[in-house]
Amino acid sequence: MDHIIDAFEVYIECAFEDFYAEWKTGEYKKYSDCTGYEELRTLLDSVNILRKYMAWDTLKIKDMIYIKTPQ
């Protein structure tokens, strides 16, 4: 099952990069205001079903932004 989850990774990374580029402009107050949000949210919702089945932690946009943002 993990090979299916791995296949999602490329798409999630690409969607996240597009979303993050919009988010870091500071023009948006909510994630859902970004044009790339729906694509990213759909991918995460899909892969998180499989991750839950595997008893893995789910992916969250908030956590992904935290990891990407320099501290």
# chains A, B, ... in the order shown; residues from 1 in each chain; ligands from 1
>>> residues_around(residues="range 45-59 of chain A", least_positions_apart="2", cutoff="8 Å", atoms="only C-alpha atoms", output="PyMOL selection string")
chain A and resi 1-2+5+8+41-43+61+63-64
>>> residues_around(residues="Ser32 in chain A", least_positions_apart="4", cutoff="12 Å", atoms="only C-alpha atoms", output="list in words")
Phe19, Glu22, Trp23, Tyr28, Gly36, Tyr37, Glu38, Glu39, Leu40, Arg41, Thr42 and Ile61 of chain A
>>> closest_residue(among="A:His3, A:Val10, A:Phe16, A:Glu27", to="Lys60 in chain A", atoms="only C-alpha atoms")
A:Phe16
>>> closest_residue(among="A:Ile12, A:Lys24, A:Thr35, A:Lys30", to="Tyr66 in chain A", atoms="only C-alpha atoms")
A:Lys24
